[in-house]
$ cat run-v1.tsv   # TSV, C-alpha atoms
chain	number	residue	atom	x	y	z
V	187	MET	CA	14.76	18.09	-4.19
V	188	SER	CA	12.38	15.25	-5.00
V	189	GLU	CA	14.45	13.00	-2.73
V	190	ILE	CA	13.82	15.38	0.15
V	191	PHE	CA	10.11	15.42	-0.60
V	192	GLU	CA	10.03	11.65	-0.79
V	193	PHE	CA	11.80	11.43	2.56
V	194	ILE	CA	9.25	13.80	4.14
V	195	ALA	CA	6.32	11.92	2.61
V	196	ALA	CA	7.65	8.51	3.61
V	197	GLU	CA	8.12	9.44	7.26
V	198	TYR	CA	4.88	11.38	7.76
V	199	ASN	CA	4.04	9.51	10.97
V	200	TYR	CA	7.05	11.09	12.61
V	201	TRP	CA	6.17	14.61	11.42
V	202	ILE	CA	2.68	14.24	12.88
V	203	TYR	CA	4.17	12.94	16.13
V	204	VAL	CA	6.47	15.97	16.43
V	205	THR	CA	3.57	18.35	15.68
V	206	LEU	CA	1.32	16.76	18.28
V	207	MET	CA	4.10	16.77	20.85
V	208	MET	CA	4.72	20.49	20.31
V	209	ILE	CA	0.98	21.25	20.57
V	210	GLY	CA	0.86	19.46	23.92
V	211	PHE	CA	4.05	21.17	25.11
V	212	TYR	CA	2.64	24.59	24.18
V	213	ALA	CA	-0.55	23.86	26.13
V	214	MET	CA	1.43	22.79	29.19
V	215	ILE	CA	3.53	25.96	29.18
V	216	ALA	CA	1.32	28.76	27.85
V	217	LYS	CA	-2.21	27.91	29.04
V	218	LYS	CA	-3.19	29.42	32.40
V	219	ASN	CA	-6.04	26.99	33.14
V	220	LEU	CA	-4.93	23.93	35.12
V	221	ILE	CA	-7.28	21.51	33.31
V	222	LYS	CA	-5.93	22.79	29.97
V	223	LYS	CA	-2.45	21.95	31.24
V	224	VAL	CA	-3.52	18.37	32.02
V	225	ILE	CA	-5.12	18.08	28.56
V	226	GLY	CA	-1.80	19.25	27.07
V	227	ALA	CA	0.09	16.64	29.09
V	228	ASN	CA	-2.28	13.96	27.76
V	229	ILE	CA	-1.68	15.05	24.16
V	230	PHE	CA	2.09	15.04	24.78
V	231	GLN	CA	2.01	11.50	26.16
V	232	THR	CA	-0.14	10.19	23.31
V	233	ALA	CA	2.27	11.71	20.78
V	234	ILE	CA	5.15	9.78	22.33
V	235	PHE	CA	3.06	6.59	22.21
V	236	LEU	CA	2.47	7.24	18.50
V	237	PHE	CA	6.24	7.54	18.01
V	238	TYR	CA	6.87	4.16	19.64
V	239	ILE	CA	4.12	2.42	17.69
V	240	SER	CA	5.53	3.89	14.46
V	241	LEU	CA	8.95	2.50	15.42
V	242	ALA	CA	7.45	-0.99	15.71
V	243	GLU	CA	6.02	-0.90	12.20
V	244	VAL	CA	7.38	-3.48	9.72
V	245	GLU	CA	6.38	-3.22	6.07
V	246	GLY	CA	3.88	-5.96	5.22
V	247	GLY	CA	3.85	-7.11	8.81
V	248	THR	CA	0.81	-8.48	10.58
V	249	ALA	CA	-0.25	-8.37	14.24
V	250	PRO	CA	2.20	-10.29	16.48
V	251	ILE	CA	-0.09	-13.26	17.15
V	252	LEU	CA	1.30	-16.75	16.56
V	253	MET	CA	-0.52	-18.33	13.63
V	254	HIS	CA	-1.00	-22.11	13.31
V	255	GLY	CA	2.12	-22.79	15.35
V	256	HIS	CA	0.65	-25.79	17.14
V	257	ASP	CA	1.79	-28.52	14.77
V	258	GLY	CA	5.54	-28.28	14.55
V	259	ALA	CA	8.37	-26.05	13.41
V	260	HIS	CA	7.38	-25.14	9.85
V	261	ALA	CA	4.53	-22.76	10.64
V	262	ALA	CA	5.94	-19.90	12.72
V	263	HIS	CA	8.37	-18.34	10.23
V	264	GLU	CA	6.01	-18.15	7.28
V	265	VAL	CA	4.52	-14.89	8.56
V	266	ILE	CA	6.12	-11.44	9.00
V	267	TYR	CA	5.20	-9.84	12.30
V	268	VAL	CA	5.54	-6.25	13.48
V	269	ASN	CA	7.92	-5.74	16.40
V	270	PRO	CA	5.95	-6.46	19.62
V	271	LEU	CA	8.49	-5.02	22.11
V	272	PRO	CA	7.46	-1.30	21.75
V	273	HIS	CA	3.82	-2.41	22.07
V	274	VAL	CA	4.54	-3.90	25.49
V	275	LEU	CA	6.38	-0.76	26.62
V	276	ILE	CA	3.47	1.45	25.53
V	277	LEU	CA	0.90	-0.83	27.15
V	278	THR	CA	2.62	-0.10	30.48
V	279	ALA	CA	2.99	3.62	29.66
V	280	ILE	CA	-0.77	4.00	28.98
V	281	VAL	CA	-1.54	2.73	32.48
V	282	VAL	CA	1.05	5.09	33.98
V	283	SER	CA	-0.45	7.94	31.95
V	284	VAL	CA	-3.97	7.41	33.28
V	285	SER	CA	-2.71	7.24	36.87
V	286	THR	CA	-0.73	10.50	36.54
V	287	THR	CA	-3.85	12.13	35.05
V	288	ALA	CA	-5.94	10.91	37.98
V	289	VAL	CA	-3.44	12.30	40.53
V	290	ALA	CA	-3.25	15.66	38.71
V	291	LEU	CA	-7.05	15.97	38.62
V	292	ALA	CA	-7.32	15.10	42.33
V	293	LEU	CA	-4.78	17.87	43.08
V	294	ILE	CA	-6.82	20.30	40.93
V	295	ILE	CA	-9.96	19.52	42.98
V	296	LYS	CA	-8.08	20.22	46.23
V	297	ILE	CA	-6.65	23.47	44.79
V	298	TYR	CA	-10.15	24.56	43.80
V	299	GLN	CA	-11.47	23.84	47.31
V	300	VAL	CA	-8.76	26.03	48.85
V	301	TYR	CA	-8.46	28.89	46.34
V	302	GLY	CA	-11.86	28.86	44.59
V	303	SER	CA	-10.32	29.01	41.11
V	304	ILE	CA	-8.45	26.85	38.62
V	305	GLU	CA	-6.80	29.77	36.79
V	306	GLU	CA	-3.09	29.91	37.56
V	307	ASP	CA	-2.76	33.72	37.68
V	308	VAL	CA	-5.80	34.08	39.98
V	309	ILE	CA	-4.33	31.48	42.34
V	310	LEU	CA	-0.93	33.23	42.39
V	311	ALA	CA	-2.48	36.67	43.01
V	312	TYR	CA	-4.63	35.24	45.80
V	313	ARG	CA	-1.60	33.60	47.38
V	314	LYS	CA	0.32	36.85	47.35
V	315	GLN	CA	-2.62	38.70	48.88
V	316	LEU	CA	-3.25	35.99	51.46
V	317	ALA	CA	0.32	35.59	52.69
V	318	PRO	CA	2.64	38.31	51.36
V	319	GLU	CA	5.44	37.25	53.72
V	320	PHE	CA	5.75	33.95	51.85
V	321	SER	CA	6.12	35.45	48.40
V	322	GLU	CA	9.60	35.46	46.91
V	323	HIS	CA	9.59	39.15	46.02
V	324	ALA	CA	8.69	40.25	49.56
V	325	ARG	CA	11.40	38.08	51.06
V	326	GLN	CA	14.06	39.54	48.78
V	327	LYS	CA	12.91	43.09	49.62
V	328	GLN	CA	13.14	42.32	53.32
V	329	GLU	CA	16.67	40.98	52.89
V	330	GLY	CA	17.61	44.15	51.00
V	331	GLU	CA	16.40	46.37	53.82
V	332	GLN	CA	18.42	44.59	56.50
R	157	MET	CA	-1.46	0.09	5.54
R	158	ILE	CA	-3.84	2.15	3.45
R	159	TRP	CA	-1.87	5.36	3.40
R	160	ILE	CA	-4.65	7.79	2.42
R	161	LEU	CA	-6.86	6.60	5.31
R	162	ASP	CA	-3.89	6.77	7.65
R	163	PHE	CA	-2.98	10.28	6.52
R	164	THR	CA	-6.58	11.52	6.94
R	165	MET	CA	-6.77	10.17	10.48
R	166	LEU	CA	-3.41	11.72	11.41
R	167	LEU	CA	-4.54	15.13	10.10
R	168	PHE	CA	-7.76	14.70	12.09
R	169	LEU	CA	-5.58	14.11	15.17
R	170	VAL	CA	-3.74	17.41	14.67
R	171	VAL	CA	-7.02	19.31	14.19
R	172	CYS	CA	-8.49	17.68	17.32
R	173	ALA	CA	-5.40	18.53	19.39
R	174	ILE	CA	-5.46	22.19	18.35
R	175	ALA	CA	-9.23	22.40	19.00
R	176	ALA	CA	-8.92	20.73	22.41
R	177	ILE	CA	-6.36	23.24	23.69
R	178	SER	CA	-7.90	26.38	22.14
R	179	ILE	CA	-11.62	25.99	22.96
R	180	LYS	CA	-12.87	27.94	25.99
R	181	ASP	CA	-15.60	25.58	27.21
R	182	LEU	CA	-13.82	22.88	29.19
R	183	LEU	CA	-16.50	20.19	28.75
R	184	SER	CA	-16.21	20.56	24.96
R	185	ALA	CA	-12.42	20.36	25.24
R	186	VAL	CA	-12.67	17.10	27.20
R	187	ILE	CA	-15.10	15.56	24.69
R	188	ILE	CA	-12.77	16.56	21.83
R	189	LEU	CA	-9.89	14.95	23.72
R	190	SER	CA	-11.99	11.78	23.97
R	191	ALA	CA	-12.55	11.80	20.19
R	192	TYR	CA	-8.80	12.34	19.75
R	193	SER	CA	-8.04	9.27	21.89
R	194	LEU	CA	-10.54	7.15	19.97
R	195	VAL	CA	-9.06	8.10	16.57
R	196	MET	CA	-5.58	7.45	17.98
R	197	ALA	CA	-6.75	3.97	19.01
R	198	ILE	CA	-8.04	3.36	15.45
R	199	VAL	CA	-4.67	4.47	14.04
R	200	TRP	CA	-2.89	1.98	16.28
R	201	VAL	CA	-5.18	-0.92	15.41
R	202	GLU	CA	-4.61	-0.05	11.76
R	203	MET	CA	-0.83	-0.15	12.40
R	204	GLN	CA	-1.25	-3.79	13.59
R	205	SER	CA	-0.73	-3.09	17.29
R	206	VAL	CA	-4.14	-4.35	18.40
R	207	ASP	CA	-3.41	-4.72	22.10
R	208	VAL	CA	-2.31	-1.10	22.47
R	209	GLY	CA	-5.33	0.02	20.45
R	210	PHE	CA	-7.77	-1.81	22.70
R	211	THR	CA	-6.12	-0.48	25.85
R	212	GLU	CA	-6.17	3.08	24.52
R	213	ALA	CA	-9.85	2.82	23.55
R	214	ALA	CA	-10.78	1.54	27.01
R	215	VAL	CA	-8.44	3.65	29.14
R	216	GLY	CA	-7.70	6.77	27.09
R	217	ALA	CA	-11.14	7.37	25.61
R	218	GLY	CA	-13.10	5.85	28.51
R	219	ILE	CA	-11.62	6.23	31.99
R	220	THR	CA	-9.73	9.48	31.32
R	221	THR	CA	-12.91	11.17	30.05
R	222	VAL	CA	-14.85	10.00	33.11
R	223	LEU	CA	-12.13	11.36	35.40
R	224	PHE	CA	-12.08	14.73	33.57
R	225	ILE	CA	-15.89	15.08	33.71
R	226	ALA	CA	-15.92	14.16	37.41
R	227	THR	CA	-13.35	16.91	37.99
R	228	LEU	CA	-15.35	19.44	35.96
R	229	ALA	CA	-18.46	18.64	38.03
R	230	ARG	CA	-16.55	19.71	41.16
R	231	THR	CA	-14.81	22.77	39.66
R	232	GLU	CA	-15.54	25.44	37.03
R	233	GLY	CA	-16.57	24.64	33.48
R	234	ARG	CA	-15.14	27.74	31.84
R	235	SER	CA	-11.57	28.62	30.99
R	236	GLU	CA	-10.11	32.08	30.49
R	237	ASP	CA	-7.80	31.01	27.65

$ encode --input "run-v1.tsv" --output "structure tokens"
Amino acid sequence: MSEIFEFIAAEYNYWIYVTLMMIGFYAMIAKKNLIKKVIGANIFQTAIFLFYISLAEVEGGTAPILMHGHDGAHAAHEVIYVNPLPHVLILTAIVVSVSTTAVALALIIKIYQVYGSIEEDVILAYRKQLAPEFSEHARQKQEGEQ
Amino acid sequence: MIWILDFTMLLFLVVCAIAAISIKDLLSAVIILSAYSLVMAIVWVEMQSVDVGFTEAAVGAGITTVLFIATLARTEGRSED
């Protein structure tokens, strides 16, 4: 039993990452407001970044910057570094994340200009009222009548 | 790594995430998300990944917040849920 508790306590970064990811996922699915959905997507992405940075962690490691390596071979392997490869991956993913956020927010502005609302259910109801022939239910009913 | 500081900041992250998705005023939600990003950047600098921490502080807490506020200025500020 104490081994299980020790395991949970030792890996707490990963538990927090799973919790944050599920919070973001819940916001993306259950929230009706479009901006709340984008906030949820942001939280989801940041949770995955936290997972990668936790993977790179080495006990007692320091930042991966070469220290006094200018004067020969003896210097570079005196220091323990954390793994820099996940850092590079996440550096790229942060830039991708901000661009996807920008595109999503631009789409939300266009949706608001057309429908006058950023609530998902209001937009869907307005669509059905505006063009009932395009809604899936009406099309199926029409096919049933024929 | 100072584990008690790390643990406090991670709990703060969870609280911020729950607050950001459950608050009804969207401007407050965006500012809470900005605080979330800043604390996340501090966690990463503390985990020795300084480059990612700097990028997150500049991009996640800076540019993303500006984009969200610019969107809120052109749309509604209230959310139904």

$ atom_distance --input "run-v1.tsv" --atom1 "CA of Ser240 (chain V)" --atom2 "CA of Phe191 (chain V)"
19.5 Å

$ interface_residues --input "run-v1.tsv" --of "chain V" --to "chain R" --cutoff "6 Å" --atoms "all atoms listed in the file" --output "VMD selection string"
chain V and resid 248 to 249 277

$ closest_residue --input "run-v1.tsv" --among "V:Leu206, V:Ala288, V:Ile234, V:Leu316" --to "Leu275 (chain V)" --atoms "only C-alpha atoms"
V:Ile234

$ closest_residue --input "run-v1.tsv" --among "R:Ala213, R:Val222, R:Ser190, R:Ile198" --to "Ile225 (chain V)" --atoms "only C-alpha atoms"
R:Ser190

$ atom_distance --input "run-v1.tsv" --atom1 "CA of Ala233 (chain V)" --atom2 "CA of Trp201 (chain V)"
10.5 Å

$ atom_distance --input "run-v1.tsv" --atom1 "CA of Ala242 (chain V)" --atom2 "CA of Gly218 (chain R)"
25.2 Å

$ closest_residue --input "run-v1.tsv" --among "V:Gln315, V:Thr205, V:Ser283, V:Asn219" --to "Tyr298 (chain V)" --atoms "only C-alpha atoms"
V:Asn219

$ residues_near_point --input "run-v1.tsv" --point "(-3.7, 31.5, 39.7)" --cutoff "12 Å" --atoms "all atoms listed in the file" --output "ChimeraX atom specification"
/V:217-220,294,297-298,300-315 /R:236

$ closest_residue --input "run-v1.tsv" --among "V:Ala290, V:Ile202, V:Ile239, V:Val224" --to "Pro272 (chain V)" --atoms "only C-alpha atoms"
V:Ile239

$ axis_aligned_box --input "run-v1.tsv" --around "region 194-210 of chain R" --padding-each-side "8 Å" --output "AutoDock Vina command-line options"
--center_x -5.6 --center_y 1.7 --center_z 17.2 --size_x 25.8 --size_y 28.8 --size_z 26.9

$ residues_around --input "run-v1.tsv" --residues "Phe237 (chain V)" --least-positions-apart "6" --cutoff "9 Å" --atoms "all atoms listed in the file" --output "list of chain:residue names"
V:Asn199, V:Tyr200, V:Tyr203, V:Val204

$ write_last_selection --input "run-v1.tsv" --atoms "C-alpha atoms" --output "mmCIF file, in the coordinates of the input"
data_model
loop_
_atom_site.group_PDB
_atom_site.id
_atom_site.type_symbol
_atom_site.label_atom_id
_atom_site.label_comp_id
_atom_site.auth_asym_id
_atom_site.auth_seq_id
_atom_site.Cartn_x
_atom_site.Cartn_y
_atom_site.Cartn_z
ATOM 1 C CA ASN V 199 4.040 9.510 10.970
ATOM 2 C CA TYR V 200 7.050 11.090 12.610
ATOM 3 C CA TYR V 203 4.170 12.940 16.130
ATOM 4 C CA VAL V 204 6.470 15.970 16.430
#

$ closest_residue --input "run-v1.tsv" --among "R:Ala214, R:Ile225, R:Ile158, R:Ala175" --to "Gly226 (chain V)" --atoms "only C-alpha atoms"
R:Ala175
